[in-house]
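In what follows, a single structure is set out as structure tokens and then discussed.
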Amino acid sequence: MTIDATLPGAMPRPARRARPARWEAGIGHGLMILTALICVFPIYWMIVTSLRPENAIFSTRLWPDTASLENYAYALRAVPIRQMLVNTFIVSFTVTVIQLVTGILAGYAFARWRFRGSALFFGAIALTWLVPLQVVMIPNYLLVSRLGMIDTLGALILPHVASAFAIMLLAQSMRSFPSEVIEAARMDGASHAHILWQVIVPNLRGTLASLAILIFISTWNEYFWPLLLSRTPENSVVQIGLQMFITSEGTQWGPLMAASTMASLPILLIYLVLQRQVIASFMKSGLR
Amino acid sequence: MTETSSSLPTLSRTRPREITPRQRLYRRLRPYLYLLPAILCFVVWIYEPLARAFMLSFQQWNLLPTTPKVWIGLENYRNIFALPKFWQALANTWYYLLGLLPLAVALPLAIAIFTQDLPARSRNLYRALIFVPMIVPPVVGAAVWRWLLDSNHGIVNLALQGLGLEPVGFLSNASIALWTITFITGWKLIGFSTLILAAANASIDEALIEAARLDGATRWEIVRDIRLPLLSPTILLLVLMVVLLGAQWSFAYIHVLTEGGPLGATTNIYYLLWQFGFGSLSVGWSSASAVILFVGFGLLAMALFALKARFSFHDD
């Protein structure tokens, strides 16, 4: 406050409502354009490189003059990428559906009933994110091996049958669900199962959709757990396949970029179509 | 407000029949049945393994079913604490966090505050663009950066050479590689943090800002005395996320880009666990460091939570 008096020319500031000076807007735009470039250029460069014919792979032109699908053909021949993409899709889809179901059931239990130990259970679920996967990796690996499930897709799904985030988010949104609607259904003699699946779930479509996006993307991107379990490319996910183009003799940049593009294409497509929902669901995961 | 009425017996006239003991038992068990799938998953894949990791940390074993486990007490812990590699990894973990905080908290904070007044249209476009790294698979991010930073043909080094500079061994130089990995981890988070902070910033009551402005506060004073204090719970939340998860997020980058090298320069504590467990098959060492990691980060989390609880009073 005291500084203000010494400022030269007490500008007619008060009348201006949140309208920044032109140079400030300029700096804002500049800052954002720079950040956006740093964020997007690597992905752009990946796609451009993947489209270059082999003799132009080291070209530094920002635009591919002659587009070719050579690298894609090679990548598909060298590594069973197609099978891996299918596997990744199966795992991500299954995990998404199961996590939603277990989340809906558990969320309903917390939101609807008061029962002995409910706080304890809730706390135990909330605390799971304090346990990094690296801490429990050896016992988990041993369990999978005892089940004889090393190198299977099932083993990639099983540890992700439930997620603390899904449960807590759904419990929260079910708690704020209008109780009059539920009471009305109760009066009509509806069972709990009926209320849950016919009344609440259809009304939580938005939350469930954004949750599904989040689960699908993070399962698709998962790397650590598949890395532990994968033995053969045919039973593995696409994230593991990428590494096959990086060898000690050198890296096949063209095919690697083509495979990388294929591995991120489904996610990028989801993002192109559902951009707003994707951003919103990721933000929900942080804002709690 | 209305939930008290639900338990009143007068409302149950639509269900006049008496309940059998069997039904009563079912009613009491019902919440647990709904919880069962989730709880089972957490017990089988998180809590039981946690206890098992604790047990394994007192044993010597090489992961082969044919060799017996030998109980050696605290020997693993003693060995690990005597290992320079462990302290190096711990120091590296610290550097990762130190490097990530400016990238994943301070820079996004500046961007969020600086761009709050931009027109909605361009702001949405920027939002969409800076968010892309967050959704790209980490392995893809690693592969792409490996290509960009390649010492012979990578475009970054070619650009540096174009400017008349020496090429930089971003991933092969022991004193730079750690910061490269930190930068890539931060690259992934910038968009996410910016959006979180921008949302919190936008929810600040404009009347407060307006009042301060009428009082003659400068733009910087408004940021320092109004925005930053009101944003502090969100800032703390992000700090919490970065501190607890940051080093973990770098795993894919380390594994694909440097495998912990050169000379352990990029090995953090999470990567060390992986090397102990699946590189050198020393289950005891890996488990002991897992226990140390879990306890250490648990204490850190509690401290940060306490701090956050104290700061959150600002809201009210």
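Residues in the structure tokens are numbered from 1 in each chain, the chains being A, B, ... in the order shown, and ligands are numbered from 1 in the order shown.
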
Compute the chain B side of the contact with chain A at 6 Å, counting only C-alpha atoms, and hand it back as an NGL selection string.
:B and (31 or 34-35 or 38 or 45 or 49-50 or 114-115 or 129-130 or 137 or 140 or 213-214 or 290)

File dump, residues just selected, all heavy atoms, as a short mmCIF file (atom, residue, chain, number, x, y, z; two decimals), in the first residue's frame:
data_model
loop_
_atom_site.label_atom_id
_atom_site.label_comp_id
_atom_site.auth_asym_id
_atom_site.auth_seq_id
_atom_site.Cartn_x
_atom_site.Cartn_y
_atom_site.Cartn_z
N PRO B 31 -24.23 -54.21 3.28
CA PRO B 31 -23.17 -53.25 2.95
C PRO B 31 -21.83 -53.92 2.68
O PRO B 31 -21.12 -53.55 1.76
CB PRO B 31 -23.08 -52.37 4.20
CG PRO B 31 -24.36 -52.56 4.90
CD PRO B 31 -24.85 -53.93 4.57
N TYR B 34 -21.69 -55.45 -0.75
CA TYR B 34 -21.45 -54.45 -1.80
C TYR B 34 -19.98 -54.05 -1.84
O TYR B 34 -19.45 -53.70 -2.88
CB TYR B 34 -22.33 -53.22 -1.58
CG TYR B 34 -23.71 -53.33 -2.15
CD1 TYR B 34 -24.62 -54.29 -1.68
CD2 TYR B 34 -24.13 -52.50 -3.19
CE1 TYR B 34 -25.89 -54.40 -2.20
CE2 TYR B 34 -25.41 -52.59 -3.72
CZ TYR B 34 -26.28 -53.54 -3.23
OH TYR B 34 -27.54 -53.65 -3.75
N LEU B 35 -19.36 -54.04 -0.66
CA LEU B 35 -17.95 -53.62 -0.59
C LEU B 35 -16.99 -54.74 -0.96
O LEU B 35 -15.84 -54.48 -1.31
CB LEU B 35 -17.62 -53.18 0.84
CG LEU B 35 -17.96 -51.78 1.26
CD1 LEU B 35 -17.46 -51.55 2.68
CD2 LEU B 35 -17.30 -50.78 0.33
N ALA B 38 -14.36 -54.78 -4.02
CA ALA B 38 -13.31 -53.77 -3.93
C ALA B 38 -12.33 -54.12 -2.81
O ALA B 38 -11.11 -54.11 -3.00
CB ALA B 38 -13.92 -52.39 -3.69
N TRP B 45 -4.12 -57.40 -3.50
CA TRP B 45 -3.08 -56.80 -4.34
C TRP B 45 -2.33 -55.66 -3.66
O TRP B 45 -1.34 -55.19 -4.19
CB TRP B 45 -3.67 -56.31 -5.66
CG TRP B 45 -4.20 -57.42 -6.48
CD1 TRP B 45 -5.51 -57.78 -6.61
CD2 TRP B 45 -3.44 -58.37 -7.24
NE1 TRP B 45 -5.62 -58.88 -7.41
CE2 TRP B 45 -4.37 -59.26 -7.81
CE3 TRP B 45 -2.07 -58.54 -7.49
CZ2 TRP B 45 -3.96 -60.32 -8.62
CZ3 TRP B 45 -1.68 -59.59 -8.30
CH2 TRP B 45 -2.62 -60.47 -8.85
N PRO B 49 0.23 -57.98 0.12
CA PRO B 49 1.60 -57.85 -0.41
C PRO B 49 2.48 -56.91 0.40
O PRO B 49 3.68 -57.14 0.53
CB PRO B 49 1.37 -57.28 -1.82
CG PRO B 49 0.00 -57.67 -2.17
CD PRO B 49 -0.77 -57.69 -0.91
N LEU B 50 1.86 -55.87 0.97
CA LEU B 50 2.64 -54.94 1.79
C LEU B 50 3.21 -55.67 3.00
O LEU B 50 4.41 -55.54 3.32
CB LEU B 50 1.74 -53.78 2.23
CG LEU B 50 2.41 -52.57 2.83
CD1 LEU B 50 3.34 -51.92 1.82
CD2 LEU B 50 1.36 -51.56 3.28
N PHE B 114 -0.92 -15.38 -15.27
CA PHE B 114 -0.66 -14.47 -16.37
C PHE B 114 -1.74 -14.54 -17.44
O PHE B 114 -2.01 -13.56 -18.13
CB PHE B 114 0.70 -14.77 -17.00
CG PHE B 114 1.62 -13.60 -16.95
CD1 PHE B 114 2.73 -13.61 -16.13
CD2 PHE B 114 1.36 -12.46 -17.71
CE1 PHE B 114 3.57 -12.52 -16.06
CE2 PHE B 114 2.19 -11.37 -17.64
CZ PHE B 114 3.30 -11.39 -16.82
N THR B 115 -2.33 -15.70 -17.60
CA THR B 115 -3.24 -15.87 -18.72
C THR B 115 -4.71 -15.79 -18.32
O THR B 115 -5.58 -16.07 -19.12
CB THR B 115 -3.01 -17.23 -19.40
OG1 THR B 115 -3.13 -18.24 -18.41
CG2 THR B 115 -1.64 -17.30 -20.02
N LEU B 129 -4.04 -27.57 -26.04
CA LEU B 129 -2.71 -27.92 -26.52
C LEU B 129 -1.77 -28.33 -25.39
O LEU B 129 -1.08 -29.34 -25.49
CB LEU B 129 -2.11 -26.76 -27.31
CG LEU B 129 -2.79 -26.46 -28.64
CD1 LEU B 129 -2.19 -25.23 -29.29
CD2 LEU B 129 -2.67 -27.65 -29.58
N ILE B 130 -1.77 -27.55 -24.31
CA ILE B 130 -0.80 -27.87 -23.26
C ILE B 130 -1.19 -29.13 -22.49
O ILE B 130 -0.40 -29.66 -21.74
CB ILE B 130 -0.58 -26.72 -22.25
CG1 ILE B 130 -1.89 -26.35 -21.58
CG2 ILE B 130 0.03 -25.53 -22.91
CD1 ILE B 130 -1.70 -25.36 -20.46
N PRO B 137 0.88 -41.72 -23.81
CA PRO B 137 1.50 -42.78 -23.00
C PRO B 137 2.94 -42.42 -22.64
O PRO B 137 3.68 -41.93 -23.49
CB PRO B 137 1.48 -43.99 -23.94
CG PRO B 137 0.39 -43.72 -24.91
CD PRO B 137 0.32 -42.23 -25.07
N VAL B 140 5.60 -43.60 -24.99
CA VAL B 140 5.64 -42.82 -26.22
C VAL B 140 6.39 -41.52 -25.98
O VAL B 140 7.26 -41.13 -26.76
CB VAL B 140 4.21 -42.55 -26.74
CG1 VAL B 140 4.23 -41.54 -27.86
CG2 VAL B 140 3.56 -43.85 -27.20
N ARG B 213 -8.43 -3.35 -5.97
CA ARG B 213 -8.07 -2.44 -7.04
C ARG B 213 -8.55 -1.03 -6.73
O ARG B 213 -7.86 -0.04 -6.96
CB ARG B 213 -8.71 -2.95 -8.34
CG ARG B 213 -7.93 -2.54 -9.56
CD ARG B 213 -8.45 -3.26 -10.77
NE ARG B 213 -7.77 -4.52 -10.99
CZ ARG B 213 -8.30 -5.55 -11.63
NH1 ARG B 213 -9.53 -5.47 -12.07
NH2 ARG B 213 -7.61 -6.65 -11.80
N LEU B 214 -9.76 -0.95 -6.20
CA LEU B 214 -10.30 0.37 -5.85
C LEU B 214 -9.46 1.01 -4.75
O LEU B 214 -9.34 2.23 -4.68
CB LEU B 214 -11.76 0.22 -5.39
CG LEU B 214 -12.73 -0.04 -6.54
CD1 LEU B 214 -14.11 -0.37 -5.99
CD2 LEU B 214 -12.79 1.15 -7.49
N ALA B 290 12.01 -51.19 -0.20
CA ALA B 290 10.59 -50.88 -0.34
C ALA B 290 10.01 -50.43 1.00
O ALA B 290 9.25 -49.46 1.06
CB ALA B 290 9.84 -52.10 -0.86
#

Check range 56-283 of chain B with DSSP on the backbone and list each residue it calls helix (DSSP H, G or I), as an MDAnalysis selection string.
chainID B and resid 56 75:81 84:114 120:130 132:135 138:148 155:162 177:202 206:214 219:249 251:258 269:279 283

Please produce a file of those selected residues containing C-alpha atoms, as a compact mmCIF listing (two decimals), in the first residue's frame.
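Output (result.txt):
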# COMPACT_ATOMS: atom_id res chain seq x y z
CA LEU B 56 10.67 -60.57 2.82
CA GLU B 75 21.07 -57.76 7.63
CA ASN B 76 19.38 -56.41 4.47
CA TYR B 77 18.81 -53.04 6.07
CA ARG B 78 22.38 -52.87 7.31
CA ASN B 79 23.68 -53.72 3.84
CA ILE B 80 21.51 -51.17 2.13
CA PHE B 81 22.45 -48.36 4.46
CA PRO B 84 26.73 -45.81 -1.65
CA LYS B 85 24.29 -46.63 -4.46
CA PHE B 86 21.36 -46.35 -2.06
CA TRP B 87 22.41 -42.91 -0.88
CA GLN B 88 23.02 -41.84 -4.44
CA ALA B 89 19.50 -42.95 -5.40
CA LEU B 90 18.06 -41.17 -2.38
CA ALA B 91 19.89 -37.97 -3.29
CA ASN B 92 18.73 -38.33 -6.89
CA THR B 93 15.13 -38.74 -5.72
CA TRP B 94 15.54 -35.48 -3.86
CA TYR B 95 16.94 -33.76 -6.98
CA TYR B 96 14.03 -35.06 -9.03
CA LEU B 97 11.57 -33.50 -6.62
CA LEU B 98 13.56 -30.30 -6.43
CA GLY B 99 13.62 -30.02 -10.21
CA LEU B 100 9.99 -30.99 -10.64
CA LEU B 101 8.54 -28.40 -8.30
CA PRO B 102 9.44 -25.38 -10.45
CA LEU B 103 8.27 -27.15 -13.60
CA ALA B 104 5.09 -28.69 -12.26
CA VAL B 105 4.04 -26.03 -9.74
CA ALA B 106 5.82 -22.68 -10.05
CA LEU B 107 5.76 -22.32 -13.84
CA PRO B 108 2.11 -23.43 -14.13
CA LEU B 109 1.25 -20.99 -11.36
CA ALA B 110 2.83 -18.14 -13.29
CA ILE B 111 1.11 -19.21 -16.50
CA ALA B 112 -2.26 -19.56 -14.77
CA ILE B 113 -2.07 -16.08 -13.26
CA PHE B 114 -0.66 -14.47 -16.37
CA ALA B 120 -11.95 -17.40 -23.52
CA ARG B 121 -11.51 -18.58 -27.10
CA SER B 122 -7.73 -18.51 -27.24
CA ARG B 123 -7.51 -19.69 -23.65
CA ASN B 124 -9.43 -22.84 -24.52
CA LEU B 125 -7.15 -23.51 -27.45
CA TYR B 126 -4.07 -23.17 -25.25
CA ARG B 127 -5.65 -25.41 -22.65
CA ALA B 128 -6.28 -28.10 -25.24
CA LEU B 129 -2.71 -27.92 -26.52
CA ILE B 130 -0.80 -27.87 -23.26
CA VAL B 132 -1.64 -33.16 -24.74
CA PRO B 133 1.51 -34.45 -22.93
CA MET B 134 -0.62 -35.54 -19.99
CA ILE B 135 -2.60 -38.08 -22.02
CA PRO B 138 4.71 -42.30 -20.97
CA VAL B 139 6.60 -44.78 -23.12
CA VAL B 140 5.64 -42.82 -26.22
CA GLY B 141 6.80 -39.63 -24.53
CA ALA B 142 10.08 -41.32 -23.69
CA ALA B 143 10.55 -42.60 -27.25
CA VAL B 144 9.80 -39.20 -28.75
CA TRP B 145 12.19 -37.37 -26.45
CA ARG B 146 14.85 -39.97 -27.12
CA TRP B 147 14.51 -39.06 -30.79
CA LEU B 148 14.41 -35.29 -30.23
CA ILE B 155 16.56 -32.00 -33.87
CA VAL B 156 17.43 -30.30 -30.59
CA ASN B 157 21.14 -30.94 -31.02
CA LEU B 158 20.98 -30.07 -34.72
CA ALA B 159 19.37 -26.77 -33.77
CA LEU B 160 22.08 -26.14 -31.17
CA GLN B 161 24.74 -26.86 -33.77
CA GLY B 162 22.96 -24.54 -36.18
CA ALA B 177 20.88 -36.75 -17.71
CA LEU B 178 19.06 -36.38 -14.39
CA TRP B 179 17.81 -32.93 -15.32
CA THR B 180 16.77 -34.15 -18.75
CA ILE B 181 14.59 -36.84 -17.19
CA THR B 182 13.25 -34.32 -14.70
CA PHE B 183 12.37 -31.96 -17.53
CA ILE B 184 10.53 -34.69 -19.43
CA THR B 185 8.57 -35.69 -16.32
CA GLY B 186 7.71 -32.02 -15.79
CA TRP B 187 6.80 -31.64 -19.46
CA LYS B 188 4.08 -34.18 -18.91
CA LEU B 189 2.66 -32.33 -15.91
CA ILE B 190 2.74 -28.68 -16.98
CA GLY B 191 -0.66 -28.73 -18.64
CA PHE B 192 -2.34 -30.58 -15.83
CA SER B 193 -1.02 -28.28 -13.10
CA THR B 194 -1.79 -25.18 -15.13
CA LEU B 195 -5.40 -26.22 -15.55
CA ILE B 196 -5.84 -27.05 -11.88
CA LEU B 197 -4.35 -23.72 -10.84
CA ALA B 198 -6.27 -21.79 -13.49
CA ALA B 199 -9.52 -23.32 -12.25
CA ALA B 200 -8.73 -22.40 -8.66
CA ASN B 201 -7.66 -18.94 -9.76
CA ALA B 202 -10.87 -18.41 -11.71
CA GLU B 206 -13.82 -11.08 -8.36
CA ALA B 207 -15.31 -8.69 -5.79
CA LEU B 208 -12.20 -9.16 -3.63
CA ILE B 209 -9.93 -8.23 -6.51
CA GLU B 210 -12.11 -5.31 -7.46
CA ALA B 211 -12.12 -3.99 -3.90
CA ALA B 212 -8.34 -4.19 -3.72
CA ARG B 213 -8.07 -2.44 -7.04
CA LEU B 214 -10.30 0.37 -5.85
CA ARG B 219 -1.33 -5.88 -9.95
CA TRP B 220 1.61 -7.48 -8.16
CA GLU B 221 0.15 -6.60 -4.75
CA ILE B 222 -3.12 -8.25 -5.75
CA VAL B 223 -1.24 -11.39 -6.77
CA ARG B 224 0.89 -11.44 -3.64
CA ASP B 225 -1.71 -10.50 -1.03
CA ILE B 226 -4.91 -11.96 -2.46
CA ARG B 227 -4.37 -14.55 -5.16
CA LEU B 228 -1.41 -16.44 -3.68
CA PRO B 229 -2.91 -16.85 -0.20
CA LEU B 230 -6.22 -17.97 -1.68
CA LEU B 231 -4.45 -20.35 -4.04
CA SER B 232 -2.26 -21.82 -1.32
CA PRO B 233 -4.45 -24.90 -0.65
CA THR B 234 -4.34 -25.78 -4.36
CA ILE B 235 -0.62 -25.09 -4.54
CA LEU B 236 -0.09 -27.36 -1.54
CA LEU B 237 -2.19 -30.06 -3.13
CA LEU B 238 0.00 -29.98 -6.23
CA VAL B 239 3.17 -29.95 -4.13
CA LEU B 240 1.80 -32.96 -2.30
CA MET B 241 1.11 -34.78 -5.56
CA VAL B 242 4.51 -33.97 -6.99
CA VAL B 243 6.40 -34.94 -3.84
CA LEU B 244 4.54 -38.20 -3.36
CA LEU B 245 4.20 -39.28 -6.97
CA GLY B 246 6.79 -37.31 -8.94
CA ALA B 247 9.71 -39.69 -8.64
CA GLN B 248 7.36 -42.57 -9.37
CA TRP B 249 6.15 -40.97 -12.60
CA PHE B 251 10.05 -44.59 -13.97
CA ALA B 252 9.09 -45.06 -17.63
CA TYR B 253 11.44 -42.29 -18.73
CA ILE B 254 14.35 -43.67 -16.75
CA HIS B 255 13.75 -47.18 -17.98
CA VAL B 256 13.41 -46.27 -21.65
CA LEU B 257 15.97 -43.46 -21.81
CA THR B 258 18.87 -44.23 -19.48
CA ILE B 269 14.78 -44.87 -5.26
CA TYR B 270 11.93 -46.38 -7.29
CA TYR B 271 14.26 -47.43 -10.05
CA LEU B 272 16.66 -48.86 -7.48
CA LEU B 273 13.86 -51.10 -6.17
CA TRP B 274 13.32 -52.37 -9.67
CA GLN B 275 17.04 -53.00 -10.19
CA PHE B 276 17.39 -54.84 -6.89
CA GLY B 277 14.31 -56.94 -7.47
CA PHE B 278 14.37 -57.78 -11.15
CA GLY B 279 17.88 -56.79 -12.18
CA VAL B 283 14.43 -59.96 -3.10

When you draw a straight line from CA of Tyr72 in chain A to CA of Thr247 in chain A, how long is it in Å?
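Interatomic distance, CA of Tyr72 in chain A to CA of Thr247 in chain A: 18.3 Å.
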
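Between Val79 in chain A and the candidates A:Leu274, A:Pro266, A:Asp151, A:Val237, the tightest atom-to-atom separation, counting only C-alpha atoms, involves A:Val237.
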
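With only C-alpha atoms as the atoms that count, the minimum distance from Gly148 in chain A to the choices A:Met174, A:Ala73, A:Leu229, A:Ala111 is reached by A:Leu229.
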